[in-house]
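Report on the structure given below.
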Amino acid sequence: MMNEQEYYKIINETVISISGLNKSFGDLEVLKGIDFELLKGENIAVLGKSGSGKSVLIKIMVGLIKPDKGEVIILNQQVDKLTPKELNDLRRRIGFSFQSSALYDSRNVYENLAFPLTMNVKGLSKADINNAVEEALEAVGLKDKINQMPSDLSGGQRKRIGIARTLILKPEIMLYDEPTSGLDPITSGEINDLINQVQKSYNTSSVIITHDIQCAKNTSNRIAMLLDGKFEQTGTFQEMFESKDEDIKKYFNYNLIH
Amino acid sequence: MKTKDTVFSIGIDRYLTDVSNGYCFVTRFFKELFKPPFHIREVINQCYEVGLKSLALISLTGFIVGIVFTKQSRPSLEGFGAASWLPSLIGIAIVKALGPLVTALICAGKVGSSIGAELGSMKVTEQIDAMEVSAINPYKYLVVTRVAATTITIPILALYCSFIGLLGSYLNVHSEEATSVISFYQNAFKTITFLDIFSAVIKSIVFGFTIGIIGCYKGYNATQGTRGVGMAANQAVVLAMFLVFLEEIVIVQVANWFRFF
């Protein structure tokens with residue numbers, strides 16, 4: 001059992017640190033000086049309206065989009081200074097769950113999960129791959145779908161398989177892009193439970209991009225509110241709910257009423 | 001409201017950006033080609049997709065081209081009393097020009113559009129991004145393997161198409177004159193030199209590379225959802241066919257220069 005000092009050190013270890021991040025697309029300024037920190041073992045939800053730049057933010061984190069200005073440090077590495085090989089080494093430690101699930105539609109569930117594993121880990125036997133696939137599918141509760149094609153799965157099942165595909169590489173950080181969008185309330189609840197379960201079982205730190213207040217409330221330790229290209233306020237759900245900021249109040253009240 | 005000048009300058013800007021992006025896309029292929037990992041199994045899969053699945057269409061088209069070309073040429077040659085030259089004429093026309101060109105045009109339509117649509121669909125549904133964030137180089141896995149497959153397979157298909165074309169031609173000649181296979185093929189190859197076959201193979205390699213890289217480029221850079229996928233497939237075919245004709249002219253000219261030396 002770790003002592004209080006060791007626990008404090010771990011809990012305060014920053015896994016993602018972003019400062020002064022700017023990103024524009026043509027004349028449209030999307031991110032205007034973002035400062036952000038994610039601590040080890042923490043789940044943080046990024047709330048904001050559609051088109052506010054939430055997805056752009058996590059795509060910058062994994063190097064899919066290059067920022068115009070600012071510093072992005074992930075697991076002690078500055079993303080824009082990495083060579084392609086170093087960036088790939090970093091990406092192996094990050095799981096990215098896409099809004100659209102982004103499953104390879106010409107491959108079945110087994111092949112979808114085995115693909116990142118076989119491409120990234122050399123010398124695995126068929127039995128090792130089978131075990132890893134089964135373990136990941138068990139973690140998301142869809143072991144019986146192993147031979148199905150993505151087109152045969154429901155929206156919620158696709159999201160789960162997408163998460164299982166990222167878990168197969170045992171990531172340290174999980175990035176969820178709108179994990180509950182387009183799902184009914186019950187399936188959304190199941191996805192929220194899965195996000196919490198992944199945090200516990202895989203000891204991950206997560207950024208959850210969402211516009212769903214319930215998802216943010218049920219899955220995050222902290223909430224960051226992205227408004228007009230900046231984080232207006234960061235805090236627990238209760239702190240955000242009681243915020244005096246008019247825009248935040250409006251966002252929360254509207255979402256909870258509707 | 002945009003003026004005519006603005007629209008024109010936007011058009012020029014887009015064209016130049018496209019040319020520059022295309023240049024970078026092609027140079028990246030050669031950089032990535034010799035860097036490990038080499039996805040040999042995927043190259044073989046793609047060779048199967050390009051080669052075996054086009055075989056029936058190539059066979060049928062090559063056979064028909066051989067018959068039709070022989071039927072069309074016969075009256076003209078008979079007019080000059082040179083019907084015995086028919087196998088030689090057919091040999092030159094099919095091996096040097098028609099075989100590689102017909103194969104390239106069929107593959108531009110069948111393979112180019114399929115690559116453009118497949119990669120375009122992967123792009124707009126974020127499957128390419130998913131590959132990238134899984135630390136897999138999508139360019140290497142998707143583009144290099146497909147372009148390598150078309151570059152390897154299309155020359156083989158072109159030689160096969162020429163062979164089938166000559167077979168079609170032989171059957172037509174045989175039905176008119178009862179010529180033997182050996183005699184027909186001896187005559188057909190009498191005027192064909194090693195340089196002719198070599199230039200036909202080189203030409204097909206260039207065609208194969210062009211069809212693969214254009215299909216991949218258009219698919220890899222598809223935008224605007226399903227409409228973009230359709231556009232990528234369409235543009236891949238149109239541009240590949242245009243470039244195949246352009247390359248045909250250039251390679252024939254270059255081969256003729258070598259012949260003079």
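Letters A, B, ... go to the chains of the structure tokens in the order shown; residues in each chain start at 1; ligands are counted from 1 in the same order.
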If we count only C-alpha atoms, which residues of chain A reach to within 6 Å of chain B? Please list them as a PyMOL selection string. chain A and resi 88+91-92+102
Write a file of the selected residues as a CSV table (one decimal), in the first residue's frame, keeping N, CA and C atoms.
```csv
chain,number,residue,atom,x,y,z
A,88,ASN,N,4.5,7.7,-33.4
A,88,ASN,CA,3.8,6.4,-33.3
A,88,ASN,C,4.0,5.7,-32.0
A,91,ARG,N,1.6,7.3,-29.8
A,91,ARG,CA,0.2,6.9,-30.1
A,91,ARG,C,-0.2,5.5,-29.6
A,92,ARG,N,0.8,4.6,-29.5
A,92,ARG,CA,0.5,3.3,-29.0
A,92,ARG,C,0.1,3.4,-27.5
A,102,ALA,N,-15.5,4.4,-36.4
A,102,ALA,CA,-14.4,4.2,-37.4
A,102,ALA,C,-13.9,2.8,-37.4
```
What lies within 12 Å of Thr204 (chain A) using only C-alpha atoms, ignoring chain neighbours under 2 positions off, as JSON, numbers by chain? {"A": [15, 38, 39, 40, 41, 42, 43, 44, 93, 94, 95, 166, 167, 170, 171, 172, 173, 174, 175, 176, 195, 196, 197, 198, 199, 200, 201, 202, 206, 207]}
Store the residues of this selection in a file with C-alpha atoms, as a PDB file, in the first residue's frame.
```
ATOM      1  CA  VAL A  15      -0.227  13.236 -18.338  1.00  0.00           C
ATOM      2  CA  LEU A  38      -5.108  16.153 -17.346  1.00  0.00           C
ATOM      3  CA  LEU A  39      -3.819  14.397 -14.251  1.00  0.00           C
ATOM      4  CA  LYS A  40      -2.959  10.727 -14.016  1.00  0.00           C
ATOM      5  CA  GLY A  41      -5.979   8.532 -13.249  1.00  0.00           C
ATOM      6  CA  GLU A  42      -8.406  11.373 -13.854  1.00  0.00           C
ATOM      7  CA  ASN A  43     -11.372  11.564 -16.247  1.00  0.00           C
ATOM      8  CA  ILE A  44     -12.053  15.036 -17.578  1.00  0.00           C
ATOM      9  CA  ARG A  93       0.053   4.607 -25.414  1.00  0.00           C
ATOM     10  CA  ILE A  94      -3.104   6.557 -26.307  1.00  0.00           C
ATOM     11  CA  GLY A  95      -6.510   5.101 -27.160  1.00  0.00           C
ATOM     12  CA  THR A 166      -8.267   0.828 -28.506  1.00  0.00           C
ATOM     13  CA  LEU A 167      -8.039  -1.236 -25.295  1.00  0.00           C
ATOM     14  CA  LYS A 170      -3.480  -1.283 -23.221  1.00  0.00           C
ATOM     15  CA  PRO A 171      -3.421   2.525 -23.455  1.00  0.00           C
ATOM     16  CA  GLU A 172      -2.469   4.856 -20.615  1.00  0.00           C
ATOM     17  CA  ILE A 173      -4.689   7.662 -21.885  1.00  0.00           C
ATOM     18  CA  MET A 174      -8.144   7.321 -23.462  1.00  0.00           C
ATOM     19  CA  LEU A 175      -9.628  10.011 -25.686  1.00  0.00           C
ATOM     20  CA  TYR A 176     -13.364   9.650 -26.281  1.00  0.00           C
ATOM     21  CA  ILE A 195     -15.969   4.458 -19.575  1.00  0.00           C
ATOM     22  CA  ASN A 196     -15.866   4.266 -15.764  1.00  0.00           C
ATOM     23  CA  GLN A 197     -15.043   0.558 -15.888  1.00  0.00           C
ATOM     24  CA  VAL A 198     -12.181   1.193 -18.332  1.00  0.00           C
ATOM     25  CA  GLN A 199     -10.796   3.889 -16.011  1.00  0.00           C
ATOM     26  CA  LYS A 200     -10.754   1.403 -13.111  1.00  0.00           C
ATOM     27  CA  SER A 201      -9.687  -1.793 -14.882  1.00  0.00           C
ATOM     28  CA  TYR A 202      -7.094  -0.321 -17.208  1.00  0.00           C
ATOM     29  CA  SER A 206      -9.341  10.063 -20.042  1.00  0.00           C
ATOM     30  CA  VAL A 207     -10.539  13.076 -21.968  1.00  0.00           C
TER      31      VAL A 207
END
```
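Nearest residue to Gly182 (chain A), choosing from A:Gln214, A:Ser106, A:Ser125, A:Gln99 and counting only C-alpha atoms: A:Gln99.
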Compile the contact shell of Lys23 (chain A) as a list of chain:residue names: residues with an atom at most 10 Å away, counting only C-alpha atoms, same-chain residues fewer than 6 positions apart removed.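 Selected residues are A:Glu29, A:Val30, A:Leu31, A:Lys32, A:Gly33, A:Ile34, A:Gly53, A:Val56, A:Leu57, A:Ile60, A:Ile65, A:Lys66, A:Pro67, A:Asp68, A:Lys69, A:Gly70, A:Gly229.
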Could you save the residues just selected, with N, CA and C atoms, as a PDB file, in the first residue's frame?
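Now in out_30.pdb:
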```
ATOM      1  N   GLU A  29     -11.390  31.116 -36.614  1.00  0.00           N
ATOM      2  CA  GLU A  29     -10.516  30.830 -35.472  1.00  0.00           C
ATOM      3  C   GLU A  29     -11.274  29.893 -34.528  1.00  0.00           C
ATOM      4  N   VAL A  30     -10.814  28.654 -34.414  1.00  0.00           N
ATOM      5  CA  VAL A  30     -11.556  27.657 -33.617  1.00  0.00           C
ATOM      6  C   VAL A  30     -11.068  27.625 -32.172  1.00  0.00           C
ATOM      7  N   LEU A  31      -9.782  27.483 -31.976  1.00  0.00           N
ATOM      8  CA  LEU A  31      -9.217  27.453 -30.622  1.00  0.00           C
ATOM      9  C   LEU A  31      -8.379  28.721 -30.417  1.00  0.00           C
ATOM     10  N   LYS A  32      -8.662  29.433 -29.326  1.00  0.00           N
ATOM     11  CA  LYS A  32      -8.016  30.740 -29.130  1.00  0.00           C
ATOM     12  C   LYS A  32      -7.262  30.782 -27.805  1.00  0.00           C
ATOM     13  N   GLY A  33      -6.154  30.056 -27.740  1.00  0.00           N
ATOM     14  CA  GLY A  33      -5.347  30.099 -26.524  1.00  0.00           C
ATOM     15  C   GLY A  33      -5.850  29.169 -25.445  1.00  0.00           C
ATOM     16  N   ILE A  34      -5.823  27.869 -25.775  1.00  0.00           N
ATOM     17  CA  ILE A  34      -6.306  26.847 -24.828  1.00  0.00           C
ATOM     18  C   ILE A  34      -5.202  26.483 -23.822  1.00  0.00           C
ATOM     19  N   GLY A  53     -15.023  23.225 -31.420  1.00  0.00           N
ATOM     20  CA  GLY A  53     -13.609  22.855 -31.545  1.00  0.00           C
ATOM     21  C   GLY A  53     -13.172  21.754 -30.580  1.00  0.00           C
ATOM     22  N   VAL A  56     -11.496  18.962 -32.543  1.00  0.00           N
ATOM     23  CA  VAL A  56     -10.210  19.473 -33.041  1.00  0.00           C
ATOM     24  C   VAL A  56      -9.160  19.358 -31.935  1.00  0.00           C
ATOM     25  N   LEU A  57      -9.583  19.671 -30.715  1.00  0.00           N
ATOM     26  CA  LEU A  57      -8.658  19.640 -29.578  1.00  0.00           C
ATOM     27  C   LEU A  57      -8.058  18.246 -29.384  1.00  0.00           C
ATOM     28  N   ILE A  60      -5.701  17.241 -32.169  1.00  0.00           N
ATOM     29  CA  ILE A  60      -4.381  17.865 -32.007  1.00  0.00           C
ATOM     30  C   ILE A  60      -3.549  17.048 -31.009  1.00  0.00           C
ATOM     31  N   ILE A  65      -4.099  16.623 -36.273  1.00  0.00           N
ATOM     32  CA  ILE A  65      -4.173  18.006 -36.763  1.00  0.00           C
ATOM     33  C   ILE A  65      -3.020  18.761 -36.118  1.00  0.00           C
ATOM     34  N   LYS A  66      -2.379  19.607 -36.920  1.00  0.00           N
ATOM     35  CA  LYS A  66      -1.250  20.385 -36.383  1.00  0.00           C
ATOM     36  C   LYS A  66      -1.768  21.726 -35.848  1.00  0.00           C
ATOM     37  N   PRO A  67      -1.333  22.105 -34.660  1.00  0.00           N
ATOM     38  CA  PRO A  67      -1.784  23.403 -34.135  1.00  0.00           C
ATOM     39  C   PRO A  67      -1.036  24.552 -34.806  1.00  0.00           C
ATOM     40  N   ASP A  68      -1.646  25.742 -34.797  1.00  0.00           N
ATOM     41  CA  ASP A  68      -0.958  26.921 -35.354  1.00  0.00           C
ATOM     42  C   ASP A  68       0.049  27.452 -34.335  1.00  0.00           C
ATOM     43  N   LYS A  69      -0.312  27.393 -33.095  1.00  0.00           N
ATOM     44  CA  LYS A  69       0.520  27.959 -32.027  1.00  0.00           C
ATOM     45  C   LYS A  69       0.244  27.191 -30.739  1.00  0.00           C
ATOM     46  N   GLY A  70       1.222  27.161 -29.870  1.00  0.00           N
ATOM     47  CA  GLY A  70       0.994  26.549 -28.561  1.00  0.00           C
ATOM     48  C   GLY A  70       1.788  25.278 -28.362  1.00  0.00           C
ATOM     49  N   GLY A 229     -13.870  29.178 -28.143  1.00  0.00           N
ATOM     50  CA  GLY A 229     -12.469  28.830 -28.385  1.00  0.00           C
ATOM     51  C   GLY A 229     -11.570  28.829 -27.172  1.00  0.00           C
TER      52      GLY A 229
END
```
From the list A:Pro179, A:Phe237, A:Ile58, A:Asp228, which residue is nearest Leu28 (chain A) when using only C-alpha atoms? A:Asp228
Do you know which residues are at most 9 Å from Leu90 (chain A) counting only C-alpha atoms, after dropping those on the same chain fewer than 6 positions away, and could you put them as an mmCIF file with N, CA and C atoms, in the first residue's frame?
```
data_model
loop_
_atom_site.group_PDB
_atom_site.id
_atom_site.type_symbol
_atom_site.label_atom_id
_atom_site.label_comp_id
_atom_site.auth_asym_id
_atom_site.auth_seq_id
_atom_site.Cartn_x
_atom_site.Cartn_y
_atom_site.Cartn_z
ATOM 1 N N VAL A 62 -3.396 13.891 -30.542
ATOM 2 C CA VAL A 62 -2.771 12.692 -31.125
ATOM 3 C C VAL A 62 -2.030 12.996 -32.431
ATOM 4 N N ILE A 74 2.315 15.493 -24.037
ATOM 5 C CA ILE A 74 1.574 14.294 -23.629
ATOM 6 C C ILE A 74 2.572 13.248 -23.145
ATOM 7 N N LEU A 75 2.345 12.732 -21.952
ATOM 8 C CA LEU A 75 3.243 11.752 -21.327
ATOM 9 C C LEU A 75 4.700 12.228 -21.432
ATOM 10 N N GLN A 77 6.073 14.254 -23.496
ATOM 11 C CA GLN A 77 6.650 14.452 -24.833
ATOM 12 C C GLN A 77 5.885 15.542 -25.573
ATOM 13 N N VAL A 79 4.288 16.952 -28.538
ATOM 14 C CA VAL A 79 3.762 16.250 -29.722
ATOM 15 C C VAL A 79 4.309 16.810 -31.043
ATOM 16 N N ALA B 135 -1.130 3.942 -34.476
ATOM 17 C CA ALA B 135 0.308 3.867 -34.779
ATOM 18 C C ALA B 135 0.613 3.020 -36.010
#
```
As an NGL selection string, please: every residue in region 7-249 of chain A that a backbone DSSP assignment puts in helix (DSSP H, G or I). :A and (7-11 or 54-61 or 79-81 or 84-91 or 109-120 or 126-139 or 143-145 or 150-152 or 155-167 or 185-202 or 213-219 or 237-241 or 246-249)
Shell of 12 Å around region 221-228 of chain B, only C-alpha atoms, local chain residues under 2 positions omitted, as a PyMOL selection string: chain B and resi 18+21-22+25+115-126+128+139+143+213-219+230-236
Near-Val121 (chain A) list (12 Å; only C-alpha atoms; drop same-chain fewer than 2 positions) as a list of chain:residue names: A:Asp89, A:Arg92, A:Ala114, A:Phe115, A:Pro116, A:Leu117, A:Thr118, A:Met119, A:Gly123, A:Leu124, A:Ser125, A:Asp128, A:Ile129, A:Ala132, A:Ile168, A:Leu169, A:Lys170, B:Ser134, B:Ala135, B:Ile136
Among region 19-248 of chain A, which residues does DSSP mark as strand (DSSP E or B) when it is run on the backbone? Keep the chain and numbering as in the structure and answer as a ChimeraX atom specification. /A:19-25,28-39,43-47,69-74,77-78,94-97,173-177,205-210,222-227,230-235
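For Asp247 (chain A), the set of protein, DNA and RNA residues having any atom at most 12 Å away, when counting only C-alpha atoms and skipping those fewer than 5 positions along the same chain, is Gly48, Lys49, Met225, Leu226, Leu227, Asp228, Phe231, Glu232, Gln233, Met240, Phe241, Phe252, Asn253 and Tyr254 of chain A.
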Output file for the residues above (all heavy atoms, as a compact mmCIF listing (two decimals), in the first residue's frame):
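The resulting file, out04.txt, is shown below:
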```
# COMPACT_ATOMS: atom_id res chain seq x y z
N GLY A 48 -19.14 21.47 -24.58
CA GLY A 48 -19.19 22.62 -25.48
C GLY A 48 -20.20 22.38 -26.57
O GLY A 48 -20.59 21.23 -26.82
N LYS A 49 -20.60 23.45 -27.23
CA LYS A 49 -21.60 23.33 -28.29
C LYS A 49 -20.99 22.63 -29.51
O LYS A 49 -19.76 22.58 -29.64
CB LYS A 49 -22.09 24.72 -28.71
CG LYS A 49 -23.00 25.36 -27.67
CD LYS A 49 -23.63 26.62 -28.20
CE LYS A 49 -22.64 27.77 -28.20
NZ LYS A 49 -23.22 29.07 -28.51
N MET A 225 -15.26 23.60 -19.65
CA MET A 225 -16.29 24.15 -20.54
C MET A 225 -15.62 24.95 -21.66
O MET A 225 -14.97 25.96 -21.39
CB MET A 225 -17.18 25.07 -19.68
CG MET A 225 -18.39 25.53 -20.37
SD MET A 225 -19.62 24.22 -20.37
CE MET A 225 -20.62 24.77 -21.72
N LEU A 226 -15.77 24.48 -22.90
CA LEU A 226 -15.16 25.17 -24.04
C LEU A 226 -16.18 26.13 -24.65
O LEU A 226 -17.17 25.71 -25.23
CB LEU A 226 -14.70 24.14 -25.09
CG LEU A 226 -13.85 24.63 -26.24
CD1 LEU A 226 -12.55 25.25 -25.77
CD2 LEU A 226 -13.54 23.49 -27.21
N LEU A 227 -15.89 27.40 -24.48
CA LEU A 227 -16.80 28.42 -25.01
C LEU A 227 -15.99 29.45 -25.78
O LEU A 227 -14.97 29.94 -25.28
CB LEU A 227 -17.54 29.12 -23.87
CG LEU A 227 -18.66 28.35 -23.17
CD1 LEU A 227 -19.11 29.09 -21.92
CD2 LEU A 227 -19.84 28.14 -24.10
N ASP A 228 -16.41 29.72 -27.00
CA ASP A 228 -15.75 30.71 -27.85
C ASP A 228 -14.24 30.45 -27.96
O ASP A 228 -13.43 31.37 -27.87
CB ASP A 228 -16.03 32.11 -27.29
CG ASP A 228 -15.71 33.19 -28.32
OD1 ASP A 228 -15.80 32.88 -29.53
OD2 ASP A 228 -15.34 34.31 -27.92
N PHE A 231 -11.24 27.73 -22.69
CA PHE A 231 -11.86 27.10 -21.52
C PHE A 231 -12.27 28.20 -20.55
O PHE A 231 -11.42 28.84 -19.94
CB PHE A 231 -10.91 26.11 -20.85
CG PHE A 231 -10.82 24.80 -21.59
CD1 PHE A 231 -9.60 24.30 -22.02
CD2 PHE A 231 -11.96 24.07 -21.87
CE1 PHE A 231 -9.54 23.11 -22.72
CE2 PHE A 231 -11.91 22.87 -22.56
CZ PHE A 231 -10.70 22.40 -22.99
N GLU A 232 -13.58 28.42 -20.45
CA GLU A 232 -14.08 29.49 -19.59
C GLU A 232 -13.89 29.13 -18.13
O GLU A 232 -13.51 29.95 -17.31
CB GLU A 232 -15.57 29.73 -19.87
CG GLU A 232 -15.83 30.51 -21.14
CD GLU A 232 -15.27 31.92 -21.12
OE1 GLU A 232 -15.32 32.55 -20.06
OE2 GLU A 232 -14.78 32.37 -22.17
N GLN A 233 -14.19 27.86 -17.81
CA GLN A 233 -14.11 27.45 -16.42
C GLN A 233 -13.89 25.94 -16.34
O GLN A 233 -14.35 25.19 -17.20
CB GLN A 233 -15.42 27.81 -15.70
CG GLN A 233 -15.30 27.81 -14.19
CD GLN A 233 -16.63 28.16 -13.53
OE1 GLN A 233 -17.45 28.90 -14.10
NE2 GLN A 233 -16.87 27.64 -12.35
N MET A 240 -19.52 23.54 -11.68
CA MET A 240 -19.95 24.06 -12.98
C MET A 240 -21.45 24.38 -12.95
O MET A 240 -21.89 25.40 -13.49
CB MET A 240 -19.68 23.05 -14.10
CG MET A 240 -18.24 22.70 -14.28
SD MET A 240 -17.21 24.09 -14.72
CE MET A 240 -17.51 24.22 -16.44
N PHE A 241 -22.19 23.50 -12.29
CA PHE A 241 -23.64 23.66 -12.21
C PHE A 241 -24.01 24.95 -11.46
O PHE A 241 -24.99 25.61 -11.80
CB PHE A 241 -24.23 22.43 -11.50
CG PHE A 241 -25.72 22.39 -11.53
CD1 PHE A 241 -26.41 22.23 -12.72
CD2 PHE A 241 -26.46 22.51 -10.36
CE1 PHE A 241 -27.78 22.19 -12.76
CE2 PHE A 241 -27.84 22.48 -10.39
CZ PHE A 241 -28.50 22.31 -11.60
N PHE A 252 -25.97 24.62 -19.08
CA PHE A 252 -26.39 23.59 -18.14
C PHE A 252 -27.93 23.57 -18.00
O PHE A 252 -28.54 22.51 -18.04
CB PHE A 252 -25.73 23.80 -16.76
CG PHE A 252 -24.41 23.10 -16.66
CD1 PHE A 252 -23.31 23.57 -17.37
CD2 PHE A 252 -24.26 21.97 -15.89
CE1 PHE A 252 -22.09 22.92 -17.32
CE2 PHE A 252 -23.05 21.31 -15.82
CZ PHE A 252 -21.95 21.79 -16.53
N ASN A 253 -28.51 24.74 -17.81
CA ASN A 253 -29.96 24.80 -17.62
C ASN A 253 -30.70 24.26 -18.83
O ASN A 253 -31.62 23.47 -18.71
CB ASN A 253 -30.41 26.24 -17.33
CG ASN A 253 -29.95 26.67 -15.95
OD1 ASN A 253 -29.71 25.82 -15.09
ND2 ASN A 253 -29.79 27.96 -15.74
N TYR A 254 -30.26 24.66 -20.03
CA TYR A 254 -30.93 24.24 -21.25
C TYR A 254 -30.86 22.73 -21.40
O TYR A 254 -31.84 22.06 -21.68
CB TYR A 254 -30.30 24.91 -22.48
CG TYR A 254 -31.05 24.63 -23.74
CD1 TYR A 254 -32.13 25.43 -24.11
CD2 TYR A 254 -30.72 23.55 -24.56
CE1 TYR A 254 -32.85 25.16 -25.25
CE2 TYR A 254 -31.43 23.27 -25.70
CZ TYR A 254 -32.49 24.08 -26.05
OH TYR A 254 -33.21 23.81 -27.18
```
Distance of CA of Ala93 (chain B) from CA of Glu177 (chain B), expressed in Å to one decimal place: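 Those two atoms sit 20.5 Å apart.
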Would you compute the distance between CA of Val102 (chain B) and CA of Phe184 (chain B)? Give it in Å to one decimal.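 Atom-to-atom, CA of Val102 (chain B) and CA of Phe184 (chain B) are spaced 22.1 Å apart.
With only C-alpha atoms as the atoms that count, the residue of A:Phe36, A:Phe25, A:Phe96, A:Tyr251 with the shortest distance to Ile163 (chain A) is A:Phe96.
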